[in-house]
Protein chains: 2
Amino acid sequence: MDIETTYNDNNYTIHIGWGILEEKLLKYTAHYGTIHTLVDQSVYTLYSSTIDALVYQPIILEGGEKSKNFQSYAHVMETLLSKGIHRNDLIIVIGGGASGDVGGFIASTVLRGVDYIQIPTTLLAHDSSIGGKTAINSAHGKNLIGTFYRPQAVIYDLSFLKTLPQEELRSGFGEVFKHALLDGEDTVHSLMSKTTENIQLESLEPYIISGIRTKMRHVTQDEKEAGIRRYLNLGHTFGHAIEYNDKLPHGVAVVLGLYIMMHVSNSNSNAQVFELSSYYRYFKRLGYPMDTLKHMDVEKLIALMSKDKKNQDDTSIGFILMTEIGVCHYQQIAKEHLIQLLEELKETL
Amino acid sequence: MDIETTYNDNNYTIHIGWGILEEKLLKYTAHYGTIHTLVDQSVYTLYSSTIDALVYQPIILEGGEKSKNFQSYAHVMETLLSKGIHRNDLIIVIGGGASGDVGGFIASTVLRGVDYIQIPTTLLAHDSSIGGKTAINSAHGKNLIGTFYRPQAVIYDLSFLKTLPQEELRSGFGEVFKHALLDGEDTVHSLMSKTTENIQLESLEPYIISGIRTKMRHVTQDEKEAGIRRYLNLGHTFGHAIEYNDKLPHGVAVVLGLYIMMHVSNSNSNAQVFELSSYYRYFKRLGYPMDTLKHMDVEKLIALMSKDKKNQDDTSIGFILMTEIGVCHYQQIAKEHLIQLLEELKETL
C-alpha cells in the first residue's frame with residue numbers, strides 16, 4: 001500500500017507492505033550518484049545478508065539513544081565526508097526511531113542537505129519516520145537539536161518487524177495507541193478489543209496504517225508545529241520527561257504519559273473523559289510498568305518538562321489534553337497546579 | 001538603505017547604514033520572548049559598551065574558523081539550551097563571516113529552528129550574511145556541514161567596519177571584487193579606478209551595496225544552488241582549496257582563486273577574456289600574496305578541490321568560468337587538464 005503526502009510541494013510516498021524493500025528501493029536509487037547507507041547495528045546483525053545484497057559497505061550506527069549524541073553525529077558525518085559524498089548522492093537510513101532521527105539529521109546537514117530515504121525497522125518507527133523531523137539529543141534533554149527535513153520516500157517493510165521482541169512491540173504500541181486516541185473512540189475500542197492480553201504484530205497492521213494516516217493528516221497541515229501538529233505530542237510532554245529520567249523505552253514512556261494526560265484531561269474538563277481504572281488495568285495487563293508512576297519524583301519530572309520545546313514561558317507547561325476521545329486542545333498548565341495533580345494521582349495508585 | 005529580499009515567501013530586509021544598529025534592532029526584538037546574543041570575541045572586546053547597552057549577557061564565540069568546529073558548535077548549543085531557550089525566542093548573531101556561519105547553523109538546529117538576525121561586522125560578511133547559508137567545518141574541508149536557513153533580518157551597520165585593519169579589508173575586498181566581476185565590465189573598471197593603491201572603506205560603500213544587490217539577485221532566483229547561485233562561487237573552487245591548505249584569509253584566497261579563474265577562462269575560451277598581467281599587477285599592488293601561486297602544490301590543491309560540494313563526479317572538477325566579464329557558465333574540467341593549466345600558470349609567474 002502506498003500513501004502519498006499532500007504538502008504543497010516536495011511530496012513523497014510512504015510504501016507499506018511485506019517484503020517490499022528491494023523492489024521499492026530500486027525505483028529510487030537509479031536517479032542518484034553513489035548510495036550511502038546508514039544502518040542500525042542490531043538491524044545489520046539480523047539482516048546483513050538482505051542489506052549487503054542491496055547496498056555496498058553500509059556505515060554502522062550504534063543504535064538506540066547512544067547514536068544520538070554529538071560525538072556519534074560528528075563521527076558518522078566525518079565518515080560520510082571521508083567517502084567523498086556528493087550532493088547528487090542518496091543516503092539510505094535503515095533502523096528504528098533513533099537511527100532515523102540521527103540519520104535524517106545527518107542527511108539534512110551534510111553538504112547543506114542530501115536526499116535520503118527512511119527505512120524504518122521497528123513498530124515505533126511507524127511514527128517517527130513520518131513527518132520529516134530529525135534530531136539528536138542534548139545534555140539538557142532529548143531531541144533538542146535537529147531540523148525539519150523531508151525524506152524522498154519512506155519504505156516500511158513490515159518483514160523487519162517479525163523479529164522484534166515483545167518489549168519492542170510494547171514500546172511501539174504506545175504510539176499506535178496514541179494514534180488511535182487521536183482518531184476517535186471507535187478506533188480505540190476496536191484496538192483494545194484486539195489486544196486484550198498481549199501485542200500480536202499480525203492484528204496490528206490495520207492500526208499501523210491508520211496510525212500513519214492520522215500522523216500524516218496532522219503533519220501535512222502543519223509541518224512546522226504551529227497548530228494541530230502539536231496534538232501528536234499527546235502524552236509526550238510527561239512521556240519525554242519520564243523516558244529521560246527513568247531510562248524507559250520511548251513508547252512505554254508515552255503510555256505512562258497518555259495515562260497522565262487522561263488524568264489531567266479529566267480534572268481539566270471536570271468530567272470523566274477517560275475511565276481511568278479501566279485504562280490502568282488494560283495497560284498493566286499488556287505489561288506496561290504502571291507502578292513507575294507511584295514512585296515518580298514529581299519535582300524532577302516537572303523540571304524536565306520545563307525544557308519541552310513547545311513551552312512558551314517558564315511558569316507553566318504546555319499540555320495536549322482531550323475533552324473527548326479524538327478531540328484535542330493545547331493548554332498551558334501552571335507548574336504548581338501540575339504538581340498538585342501529579343501528587344494526587346500518585347495517591348490513587 | 002533597506003534592501004528587501006524577493007523570495008516567494010519568508011522575505012526579510014537587509015538594513016545598511018551608519019549607526020543604525022540600535023534603531024533597527026528594536027523594531028524586531030519586541031516580537032519575541034527572550035533575546036539570546038552570540039557575539040564574536042574580538043567584536044565584543046571592541047564594542048562591549050555598545051553591545052551591553054542593547055542585549056543581556058551575550059554568549060561569546062571564539063571568533064574565526066576556530067568557532068566553526070564540532071566542539072564549538074556543541075559548546076554554544078549546550079550553553080543556549082542551558083539557558084532554557086524557547087522556540088519563540090530570538091537569536092542575534094554579531095560578528096564576521098565565521099560567527100555568522102556557526103551562529104546561523106546554531107539557530108537553524110536548536111529546537112529545530114529558532115528565528116535569528118545577522119549583524120555582520122566585517123567587510124567580508126557583506127557577502128556571507130546574505131543568502132541564508134549556514135555552516136561549520138569538517139576535518140575534510142570548510143563549510144561541508146550546514147543548512148539553508150534564512151534570517152529574519154540582516155542589520156549591516158557600517159560603523160563596525162571602521163576599526164577593521166587593512167588585512168581584514170583586503171580579505172573582504174576579495175568578495176567585493178568578485179561581485180563587481182559578476183556585475184560587469186563597467187563596475188570592475190570603476191572599482192579598479194577607486195582602489196589604485198590601497199583599500200579605503202569610504203570609497204567602497206557603493207560597491208558594497210551593489211555587491212549585496214548582485215548576491216541577492218543570484219540567491220533569490222536559486223536558493224538551493226541548482227543554477228545561477230553557483231556563479232557566486234566564482235573564484236571559490238580554487239579559493240577554498242588554497243585557503244584551507246595555506247591558511248589564508250578567505251577573501252585573500254578568493255582573489256587568488258579569481259586569478260586562476262581568469263587564466264582558466266582565457267584558456268577555455270581560446271581568447272583573452274582577461275588581460276592577466278594587468279590584474280596580476282593590480283592585485284599585487286593592493287597587497288595580495290600573488291607569489292603563493294608560484295609555489296603552490298598543484299596535486300594537493302586538486303585533491304582538496306575534489307571535495308567541493310558542487311562536484312558531480314570524481315574525475316573532474318566543476319568551475320565557474322567567464323566568456324566575458326559578467327557572463328558566467330559552469331564547466332567540469334578534467335583533473336588532468338587542470339593540473340596542466342595550473343603548472344603552466346606557475347611557469348608564467
# chains A, B, ... in the order shown; residues from 1 in each chain; ligands from 1
call {"tool": "residues_around", "arguments": {"residues": "Glu343 (chain B)", "least_positions_apart": "5", "cutoff": "12 Å", "atoms": "only C-alpha atoms", "output": "number ranges by chain"}}
result
B: 260, 263-264, 293-299, 301-302, 336-338, 348-349
call {"tool": "write_last_selection", "arguments": {"atoms": "all heavy atoms", "output": "short mmCIF file (atom, residue, chain, number, x, y, z; two decimals), in the first residue's frame"}}
result
data_model
loop_
_atom_site.label_atom_id
_atom_site.label_comp_id
_atom_site.auth_asym_id
_atom_site.auth_seq_id
_atom_site.Cartn_x
_atom_site.Cartn_y
_atom_site.Cartn_z
N ILE B 260 43.12 32.54 -10.85
CA ILE B 260 43.14 31.21 -11.50
C ILE B 260 41.96 31.09 -12.48
O ILE B 260 42.11 30.63 -13.62
CB ILE B 260 43.06 30.09 -10.44
CG1 ILE B 260 44.27 30.11 -9.51
CG2 ILE B 260 42.87 28.71 -11.09
CD1 ILE B 260 45.58 29.70 -10.15
N HIS B 263 42.71 32.82 -15.70
CA HIS B 263 43.61 32.03 -16.54
C HIS B 263 42.86 30.88 -17.21
O HIS B 263 42.98 30.66 -18.43
CB HIS B 263 44.76 31.50 -15.68
CG HIS B 263 45.67 30.54 -16.38
ND1 HIS B 263 46.40 30.89 -17.50
CD2 HIS B 263 45.96 29.24 -16.13
CE1 HIS B 263 47.10 29.83 -17.90
NE2 HIS B 263 46.86 28.83 -17.09
N VAL B 264 42.05 30.15 -16.43
CA VAL B 264 41.32 29.01 -16.96
C VAL B 264 40.27 29.48 -17.98
O VAL B 264 40.06 28.85 -19.02
CB VAL B 264 40.68 28.16 -15.83
CG1 VAL B 264 39.89 26.99 -16.39
CG2 VAL B 264 41.75 27.65 -14.87
N LEU B 293 51.02 31.57 -5.48
CA LEU B 293 50.64 30.75 -6.64
C LEU B 293 51.87 30.11 -7.29
O LEU B 293 51.80 29.02 -7.84
CB LEU B 293 49.89 31.59 -7.67
CG LEU B 293 48.52 32.12 -7.21
CD1 LEU B 293 47.89 33.00 -8.29
CD2 LEU B 293 47.58 30.97 -6.84
N LYS B 294 52.98 30.84 -7.20
CA LYS B 294 54.22 30.35 -7.81
C LYS B 294 54.69 29.05 -7.14
O LYS B 294 55.31 28.20 -7.76
CB LYS B 294 55.28 31.43 -7.64
CG LYS B 294 56.45 31.36 -8.58
CD LYS B 294 57.33 32.58 -8.31
CE LYS B 294 58.25 32.90 -9.45
NZ LYS B 294 58.60 34.34 -9.44
N HIS B 295 54.39 28.96 -5.84
CA HIS B 295 54.89 27.82 -5.06
C HIS B 295 53.79 26.81 -4.73
O HIS B 295 53.98 25.95 -3.88
CB HIS B 295 55.52 28.34 -3.76
CG HIS B 295 56.52 29.42 -3.98
ND1 HIS B 295 57.72 29.18 -4.62
CD2 HIS B 295 56.48 30.74 -3.73
CE1 HIS B 295 58.39 30.32 -4.71
NE2 HIS B 295 57.66 31.29 -4.19
N MET B 296 52.66 26.93 -5.39
CA MET B 296 51.54 26.06 -5.00
C MET B 296 51.80 24.59 -5.30
O MET B 296 52.46 24.24 -6.27
CB MET B 296 50.24 26.52 -5.66
CG MET B 296 50.19 26.41 -7.17
SD MET B 296 48.59 27.04 -7.79
CE MET B 296 49.01 27.35 -9.52
N ASP B 297 51.24 23.74 -4.40
CA ASP B 297 51.33 22.29 -4.55
C ASP B 297 50.10 21.83 -5.34
O ASP B 297 49.03 21.58 -4.77
CB ASP B 297 51.37 21.66 -3.15
CG ASP B 297 51.51 20.15 -3.20
OD1 ASP B 297 51.20 19.55 -4.26
OD2 ASP B 297 51.93 19.57 -2.18
N VAL B 298 50.27 21.76 -6.66
CA VAL B 298 49.12 21.54 -7.55
C VAL B 298 48.34 20.26 -7.21
O VAL B 298 47.11 20.27 -7.09
CB VAL B 298 49.57 21.53 -9.03
CG1 VAL B 298 48.45 21.08 -9.95
CG2 VAL B 298 50.06 22.92 -9.45
N GLU B 299 49.05 19.17 -7.00
CA GLU B 299 48.38 17.89 -6.71
C GLU B 299 47.51 17.97 -5.45
O GLU B 299 46.39 17.51 -5.42
CB GLU B 299 49.43 16.77 -6.50
CG GLU B 299 50.26 16.42 -7.72
CD GLU B 299 49.56 15.40 -8.63
OE1 GLU B 299 48.57 14.78 -8.20
OE2 GLU B 299 50.01 15.25 -9.78
N LEU B 301 46.30 20.68 -4.01
CA LEU B 301 45.18 21.60 -4.17
C LEU B 301 44.05 20.94 -4.97
O LEU B 301 42.87 21.12 -4.67
CB LEU B 301 45.64 22.89 -4.85
CG LEU B 301 46.55 23.76 -3.96
CD1 LEU B 301 47.19 24.88 -4.78
CD2 LEU B 301 45.77 24.35 -2.79
N ILE B 302 44.44 20.13 -5.94
CA ILE B 302 43.42 19.44 -6.72
C ILE B 302 42.69 18.39 -5.88
O ILE B 302 41.47 18.24 -5.96
CB ILE B 302 44.05 18.84 -8.01
CG1 ILE B 302 44.36 20.02 -8.94
CG2 ILE B 302 43.12 17.81 -8.66
CD1 ILE B 302 44.57 19.71 -10.37
N GLU B 336 43.17 16.02 -15.02
CA GLU B 336 44.48 16.01 -15.71
C GLU B 336 44.72 17.32 -16.45
O GLU B 336 45.83 17.86 -16.46
CB GLU B 336 44.54 14.85 -16.69
CG GLU B 336 44.20 13.53 -16.04
CD GLU B 336 45.13 12.42 -16.47
OE1 GLU B 336 45.67 12.53 -17.58
OE2 GLU B 336 45.32 11.47 -15.68
N HIS B 337 43.66 17.80 -17.08
CA HIS B 337 43.78 19.05 -17.82
C HIS B 337 44.03 20.22 -16.86
O HIS B 337 44.82 21.13 -17.15
CB HIS B 337 42.51 19.29 -18.64
CG HIS B 337 42.57 20.51 -19.50
ND1 HIS B 337 43.60 20.76 -20.38
CD2 HIS B 337 41.73 21.58 -19.60
CE1 HIS B 337 43.40 21.92 -20.98
NE2 HIS B 337 42.28 22.44 -20.54
N LEU B 338 43.38 20.16 -15.72
CA LEU B 338 43.53 21.23 -14.74
C LEU B 338 44.95 21.27 -14.19
O LEU B 338 45.54 22.34 -14.00
CB LEU B 338 42.51 21.03 -13.61
CG LEU B 338 42.34 22.18 -12.64
CD1 LEU B 338 41.93 23.46 -13.35
CD2 LEU B 338 41.31 21.82 -11.57
N THR B 348 54.54 31.04 -15.63
CA THR B 348 54.48 32.44 -16.07
C THR B 348 54.71 33.43 -14.94
O THR B 348 54.84 34.63 -15.17
CB THR B 348 53.11 32.77 -16.69
OG1 THR B 348 52.13 32.77 -15.64
CG2 THR B 348 52.71 31.74 -17.74
N LEU B 349 54.70 32.95 -13.68
CA LEU B 349 54.75 33.90 -12.54
C LEU B 349 56.18 34.24 -12.12
O LEU B 349 57.09 33.46 -12.33
CB LEU B 349 53.96 33.32 -11.36
CG LEU B 349 52.46 33.12 -11.61
CD1 LEU B 349 51.81 32.40 -10.44
CD2 LEU B 349 51.77 34.46 -11.83
#
call {"tool": "select_by_dssp", "arguments": {"residues": "region 38-203 of chain A", "states": "alpha helix (DSSP H)", "output": "short mmCIF file (atom, residue, chain, number, x, y, z; two decimals) with C-alpha atoms, in the first residue's frame"}}
result
data_model
loop_
_atom_site.label_atom_id
_atom_site.label_comp_id
_atom_site.auth_asym_id
_atom_site.auth_seq_id
_atom_site.Cartn_x
_atom_site.Cartn_y
_atom_site.Cartn_z
CA GLN A 41 23.93 -2.14 14.35
CA SER A 42 21.33 -4.58 15.68
CA VAL A 43 19.34 -4.48 12.44
CA TYR A 44 22.52 -5.18 10.49
CA THR A 45 23.34 -8.13 12.72
CA LEU A 46 19.95 -9.69 11.95
CA TYR A 47 19.64 -8.72 8.29
CA SER A 48 23.19 -8.38 6.95
CA SER A 49 22.61 -10.71 4.01
CA THR A 50 19.46 -8.84 2.91
CA ILE A 51 21.20 -5.50 3.29
CA ASP A 52 24.52 -6.49 1.70
CA ALA A 53 22.63 -7.74 -1.32
CA LEU A 54 21.16 -4.27 -1.80
CA PHE A 70 27.13 14.97 19.39
CA GLN A 71 30.03 12.53 19.20
CA SER A 72 28.17 9.92 17.18
CA TYR A 73 26.76 12.63 14.93
CA ALA A 74 30.24 14.01 14.30
CA HIS A 75 31.68 10.54 13.77
CA VAL A 76 29.08 9.46 11.18
CA MET A 77 29.30 12.85 9.48
CA GLU A 78 33.08 12.63 9.11
CA THR A 79 32.82 9.05 7.87
CA LEU A 80 30.37 10.11 5.14
CA LEU A 81 32.57 13.06 4.17
CA SER A 82 35.68 10.87 4.11
CA GLY A 97 13.44 5.65 15.62
CA ALA A 98 16.85 6.70 16.95
CA SER A 99 18.65 5.73 13.74
CA GLY A 100 16.03 7.56 11.69
CA ASP A 101 16.39 10.67 13.83
CA VAL A 102 20.17 10.90 13.65
CA GLY A 103 20.30 9.64 10.05
CA GLY A 104 17.82 12.31 9.00
CA PHE A 105 19.80 14.98 10.85
CA ILE A 106 22.98 13.83 9.09
CA ALA A 107 21.23 13.92 5.69
CA SER A 108 19.82 17.40 6.35
CA THR A 109 23.18 18.89 7.35
CA ALA A 125 9.30 3.99 13.75
CA HIS A 126 5.86 3.85 12.05
CA ASP A 127 5.53 7.10 13.95
CA SER A 128 8.98 8.68 13.96
CA GLN A 166 7.71 -8.28 22.83
CA GLU A 167 9.48 -5.42 24.66
CA GLU A 168 9.99 -3.54 21.38
CA LEU A 169 6.41 -4.20 20.30
CA ARG A 170 5.24 -2.87 23.64
CA SER A 171 7.19 0.33 23.07
CA GLY A 172 5.94 0.80 19.50
CA PHE A 173 2.41 0.09 20.61
CA GLY A 174 2.49 3.28 22.70
CA GLU A 175 2.40 5.34 19.51
CA VAL A 176 -0.16 3.03 17.88
CA PHE A 177 -2.40 3.61 20.87
CA LYS A 178 -1.81 7.38 20.76
CA HIS A 179 -2.81 7.49 17.10
CA ALA A 180 -5.95 5.52 17.94
CA LEU A 181 -6.82 8.09 20.63
CA LEU A 182 -6.35 10.90 18.09
CA ASP A 183 -8.52 9.02 15.60
CA GLU A 185 -13.46 6.37 20.24
CA ASP A 186 -14.27 3.66 17.67
CA THR A 187 -10.61 3.09 16.80
CA VAL A 188 -9.63 2.96 20.46
CA HIS A 189 -12.27 0.38 21.33
CA SER A 190 -11.54 -1.72 18.27
CA LEU A 191 -7.81 -1.68 19.05
CA MET A 192 -8.40 -2.54 22.71
CA SER A 193 -10.60 -5.48 21.74
CA LYS A 194 -7.82 -6.86 19.51
CA LEU A 201 2.02 -7.94 15.22
CA GLU A 202 -0.49 -9.63 12.88
CA SER A 203 -3.52 -7.98 14.43
#
call {"tool": "closest_atom_pairs", "arguments": {"of": "chain B", "to": "chain A", "cutoff": "6 Å", "atoms": "only C-alpha atoms", "output": "tab-separated table"}}
result
residue	atom	partner	partner_atom	distance
B:Thr109	CA	A:Gly146	CA	4.9
B:Val110	CA	A:Ile145	CA	4.8
B:Leu111	CA	A:Leu144	CA	4.9
B:Arg112	CA	A:Thr147	CA	4.3
B:Leu144	CA	A:Leu111	CA	4.9
B:Ile145	CA	A:Val110	CA	4.8
B:Gly146	CA	A:Arg112	CA	4.6
B:Thr147	CA	A:Arg112	CA	4.4
call {"tool": "select_by_dssp", "arguments": {"residues": "region 140-218 of chain B", "states": "strand (DSSP E or B)", "output": "VMD selection string"}}
result
chain B and resid 141 to 148 153 to 157
call {"tool": "residues_around", "arguments": {"residues": "region 283-292 of chain B", "least_positions_apart": "5", "cutoff": "7 Å", "atoms": "only C-alpha atoms", "output": "PyMOL selection string"}}
result
chain B and resi 197-198+252+256
call {"tool": "closest_residue", "arguments": {"among": "B:Met261, B:Leu276, B:Ala153, B:Ile339", "to": "Thr323 (chain B)", "atoms": "only C-alpha atoms"}}
result
B:Met261
call {"tool": "closest_atom_pairs", "arguments": {"of": "region 200-286 of chain B", "to": "region 4-8 of chain B", "cutoff": "10 Å", "atoms": "only C-alpha atoms", "output": "CSV"}}
result
residue,atom,partner,partner_atom,distance
B:Arg213,CA,B:Thr5,CA,9.4
B:Met216,CA,B:Thr5,CA,7.0
B:Arg217,CA,B:Thr6,CA,8.6
B:Val219,CA,B:Tyr7,CA,9.0
B:Thr220,CA,B:Tyr7,CA,5.5
B:Gln221,CA,B:Tyr7,CA,7.6
B:Asp222,CA,B:Tyr7,CA,9.4
B:Glu223,CA,B:Tyr7,CA,8.7
call {"tool": "closest_residue", "arguments": {"among": "B:Tyr282, B:Tyr259, B:Phe238, B:Tyr330", "to": "Leu345 (chain B)", "atoms": "only C-alpha atoms"}}
result
B:Tyr259
call {"tool": "closest_residue", "arguments": {"among": "B:Lys162, B:Asp115, B:Gly211, B:Gly64", "to": "His31 (chain B)", "atoms": "only C-alpha atoms"}}
result
B:Asp115
call {"tool": "residues_around", "arguments": {"residues": "Leu90 (chain B)", "least_positions_apart": "4", "cutoff": "8 Å", "atoms": "only C-alpha atoms", "output": "list of chain:residue names"}}
result
B:Thr29, B:Tyr32, B:Gly33, B:Thr34, B:Ile35, B:His36, B:Val114, B:Asp115, B:Tyr116, B:Ile117
call {"tool": "write_last_selection", "arguments": {"atoms": "all heavy atoms", "output": "compact mmCIF listing (two decimals), in the first residue's frame"}}
result
# COMPACT_ATOMS: atom_id res chain seq x y z
N THR B 29 13.08 43.07 18.13
CA THR B 29 13.13 42.33 19.40
C THR B 29 11.80 42.33 20.14
O THR B 29 11.51 41.39 20.87
CB THR B 29 14.23 42.91 20.32
OG1 THR B 29 14.06 44.32 20.41
CG2 THR B 29 15.61 42.61 19.76
N TYR B 32 9.47 39.10 20.26
CA TYR B 32 9.97 37.81 20.72
C TYR B 32 9.99 37.69 22.24
O TYR B 32 9.90 38.69 22.94
CB TYR B 32 11.39 37.59 20.18
CG TYR B 32 11.39 37.37 18.68
CD1 TYR B 32 11.55 38.44 17.80
CD2 TYR B 32 11.18 36.10 18.15
CE1 TYR B 32 11.53 38.24 16.43
CE2 TYR B 32 11.15 35.89 16.79
CZ TYR B 32 11.33 36.97 15.93
OH TYR B 32 11.29 36.77 14.58
N GLY B 33 10.17 36.44 22.71
CA GLY B 33 10.38 36.19 24.13
C GLY B 33 11.75 36.71 24.54
O GLY B 33 12.03 37.90 24.43
N THR B 34 12.61 35.81 24.96
CA THR B 34 13.96 36.19 25.38
C THR B 34 14.85 36.41 24.15
O THR B 34 14.69 35.73 23.15
CB THR B 34 14.56 35.07 26.26
OG1 THR B 34 13.65 34.83 27.33
CG2 THR B 34 15.91 35.48 26.83
N ILE B 35 15.77 37.36 24.24
CA ILE B 35 16.75 37.59 23.17
C ILE B 35 18.07 36.95 23.60
O ILE B 35 18.59 37.25 24.67
CB ILE B 35 16.98 39.10 22.94
CG1 ILE B 35 15.65 39.86 22.83
CG2 ILE B 35 17.88 39.33 21.71
CD1 ILE B 35 14.76 39.41 21.69
N HIS B 36 18.60 36.06 22.76
CA HIS B 36 19.89 35.43 23.03
C HIS B 36 20.90 35.97 22.03
O HIS B 36 20.63 35.97 20.82
CB HIS B 36 19.80 33.91 22.88
CG HIS B 36 18.74 33.30 23.75
ND1 HIS B 36 18.98 32.87 25.03
CD2 HIS B 36 17.42 33.06 23.52
CE1 HIS B 36 17.86 32.39 25.55
NE2 HIS B 36 16.90 32.49 24.66
N VAL B 114 15.16 28.31 15.43
CA VAL B 114 14.69 29.49 16.16
C VAL B 114 15.02 30.69 15.26
O VAL B 114 16.02 30.68 14.54
CB VAL B 114 15.40 29.57 17.53
CG1 VAL B 114 15.25 30.93 18.18
CG2 VAL B 114 14.89 28.46 18.45
N ASP B 115 14.18 31.73 15.27
CA ASP B 115 14.43 32.91 14.43
C ASP B 115 15.75 33.58 14.82
O ASP B 115 16.12 33.59 15.99
CB ASP B 115 13.29 33.92 14.61
CG ASP B 115 12.05 33.50 13.83
OD1 ASP B 115 12.11 32.50 13.09
OD2 ASP B 115 11.02 34.18 13.97
N TYR B 116 16.43 34.16 13.81
CA TYR B 116 17.67 34.86 14.13
C TYR B 116 17.88 36.06 13.23
O TYR B 116 17.29 36.16 12.15
CB TYR B 116 18.87 33.90 14.07
CG TYR B 116 19.39 33.55 12.69
CD1 TYR B 116 20.70 33.88 12.31
CD2 TYR B 116 18.59 32.88 11.77
CE1 TYR B 116 21.18 33.55 11.05
CE2 TYR B 116 19.07 32.55 10.52
CZ TYR B 116 20.36 32.88 10.18
OH TYR B 116 20.84 32.55 8.93
N ILE B 117 18.72 36.98 13.72
CA ILE B 117 19.08 38.18 12.97
C ILE B 117 20.60 38.22 12.84
O ILE B 117 21.31 38.00 13.82
CB ILE B 117 18.55 39.45 13.70
CG1 ILE B 117 17.03 39.51 13.55
CG2 ILE B 117 19.21 40.72 13.15
CD1 ILE B 117 16.39 40.69 14.23
call {"tool": "residues_around", "arguments": {"residues": "region 269-274 of chain B", "least_positions_apart": "4", "cutoff": "8 Å", "atoms": "only C-alpha atoms", "output": "ChimeraX atom specification"}}
result
/B:262-263,265,279,322-325
call {"tool": "write_last_selection", "arguments": {"atoms": "all heavy atoms", "output": "compact mmCIF listing (two decimals), in the first residue's frame"}}
result
# COMPACT_ATOMS: atom_id res chain seq x y z
N MET B 262 40.53 33.45 -14.07
CA MET B 262 40.81 34.26 -15.26
C MET B 262 41.68 33.48 -16.25
O MET B 262 41.43 33.45 -17.45
CB MET B 262 41.52 35.55 -14.86
CG MET B 262 40.62 36.52 -14.10
SD MET B 262 41.56 37.94 -13.44
CE MET B 262 40.25 38.86 -12.64
N HIS B 263 42.71 32.82 -15.70
CA HIS B 263 43.61 32.03 -16.54
C HIS B 263 42.86 30.88 -17.21
O HIS B 263 42.98 30.66 -18.43
CB HIS B 263 44.76 31.50 -15.68
CG HIS B 263 45.67 30.54 -16.38
ND1 HIS B 263 46.40 30.89 -17.50
CD2 HIS B 263 45.96 29.24 -16.13
CE1 HIS B 263 47.10 29.83 -17.90
NE2 HIS B 263 46.86 28.83 -17.09
N SER B 265 39.64 30.62 -17.70
CA SER B 265 38.63 31.18 -18.62
C SER B 265 39.27 31.53 -19.97
O SER B 265 38.72 31.23 -21.03
CB SER B 265 37.98 32.43 -18.04
OG SER B 265 37.18 32.11 -16.93
N TYR B 279 45.80 42.47 -14.24
CA TYR B 279 45.17 42.05 -12.98
C TYR B 279 46.23 41.62 -11.97
O TYR B 279 46.13 41.90 -10.79
CB TYR B 279 44.17 40.91 -13.22
CG TYR B 279 42.88 41.38 -13.87
CD1 TYR B 279 42.65 41.20 -15.23
CD2 TYR B 279 41.90 42.02 -13.11
CE1 TYR B 279 41.47 41.64 -15.83
CE2 TYR B 279 40.72 42.47 -13.70
CZ TYR B 279 40.52 42.27 -15.06
OH TYR B 279 39.35 42.71 -15.62
N MET B 322 34.22 32.49 -17.06
CA MET B 322 33.59 33.63 -17.74
C MET B 322 34.00 33.64 -19.22
O MET B 322 35.17 33.43 -19.53
CB MET B 322 34.03 34.93 -17.08
CG MET B 322 33.44 35.11 -15.69
SD MET B 322 33.69 36.78 -14.99
CE MET B 322 32.11 37.00 -14.16
N THR B 323 33.02 33.91 -20.08
CA THR B 323 33.34 34.10 -21.51
C THR B 323 33.55 35.58 -21.80
O THR B 323 34.22 35.94 -22.75
CB THR B 323 32.22 33.55 -22.41
OG1 THR B 323 30.98 34.06 -21.91
CG2 THR B 323 32.19 32.04 -22.39
N GLU B 324 32.92 36.42 -20.97
CA GLU B 324 33.29 37.84 -20.91
C GLU B 324 32.98 38.31 -19.49
O GLU B 324 32.28 37.61 -18.76
CB GLU B 324 32.54 38.67 -21.96
CG GLU B 324 31.04 38.55 -21.87
CD GLU B 324 30.34 39.31 -23.00
OE1 GLU B 324 30.25 40.54 -22.88
OE2 GLU B 324 29.89 38.66 -23.96
N ILE B 325 33.49 39.48 -19.11
CA ILE B 325 33.26 39.94 -17.75
C ILE B 325 31.75 40.08 -17.53
O ILE B 325 31.06 40.73 -18.32
CB ILE B 325 33.98 41.28 -17.48
CG1 ILE B 325 35.50 41.07 -17.63
CG2 ILE B 325 33.66 41.79 -16.07
CD1 ILE B 325 36.32 42.32 -17.41
call {"tool": "atom_distance", "arguments": {"atom1": "CA of His236 (chain A)", "atom2": "CA of Glu344 (chain A)"}}
result
20.0 Å
call {"tool": "atom_distance", "arguments": {"atom1": "CA of Gly131 (chain B)", "atom2": "CA of Arg150 (chain B)"}}
result
7.1 Å
call {"tool": "atom_distance", "arguments": {"atom1": "CA of Gly184 (chain B)", "atom2": "CA of Met1 (chain B)"}}
result
23.0 Å
call {"tool": "residues_around", "arguments": {"residues": "Ile14 (chain B)", "least_positions_apart": "6", "cutoff": "6 Å", "atoms": "only C-alpha atoms", "output": "list in words"}}
result
Asp2, Ile3, Ala153, Val154 and Ile155 of chain B
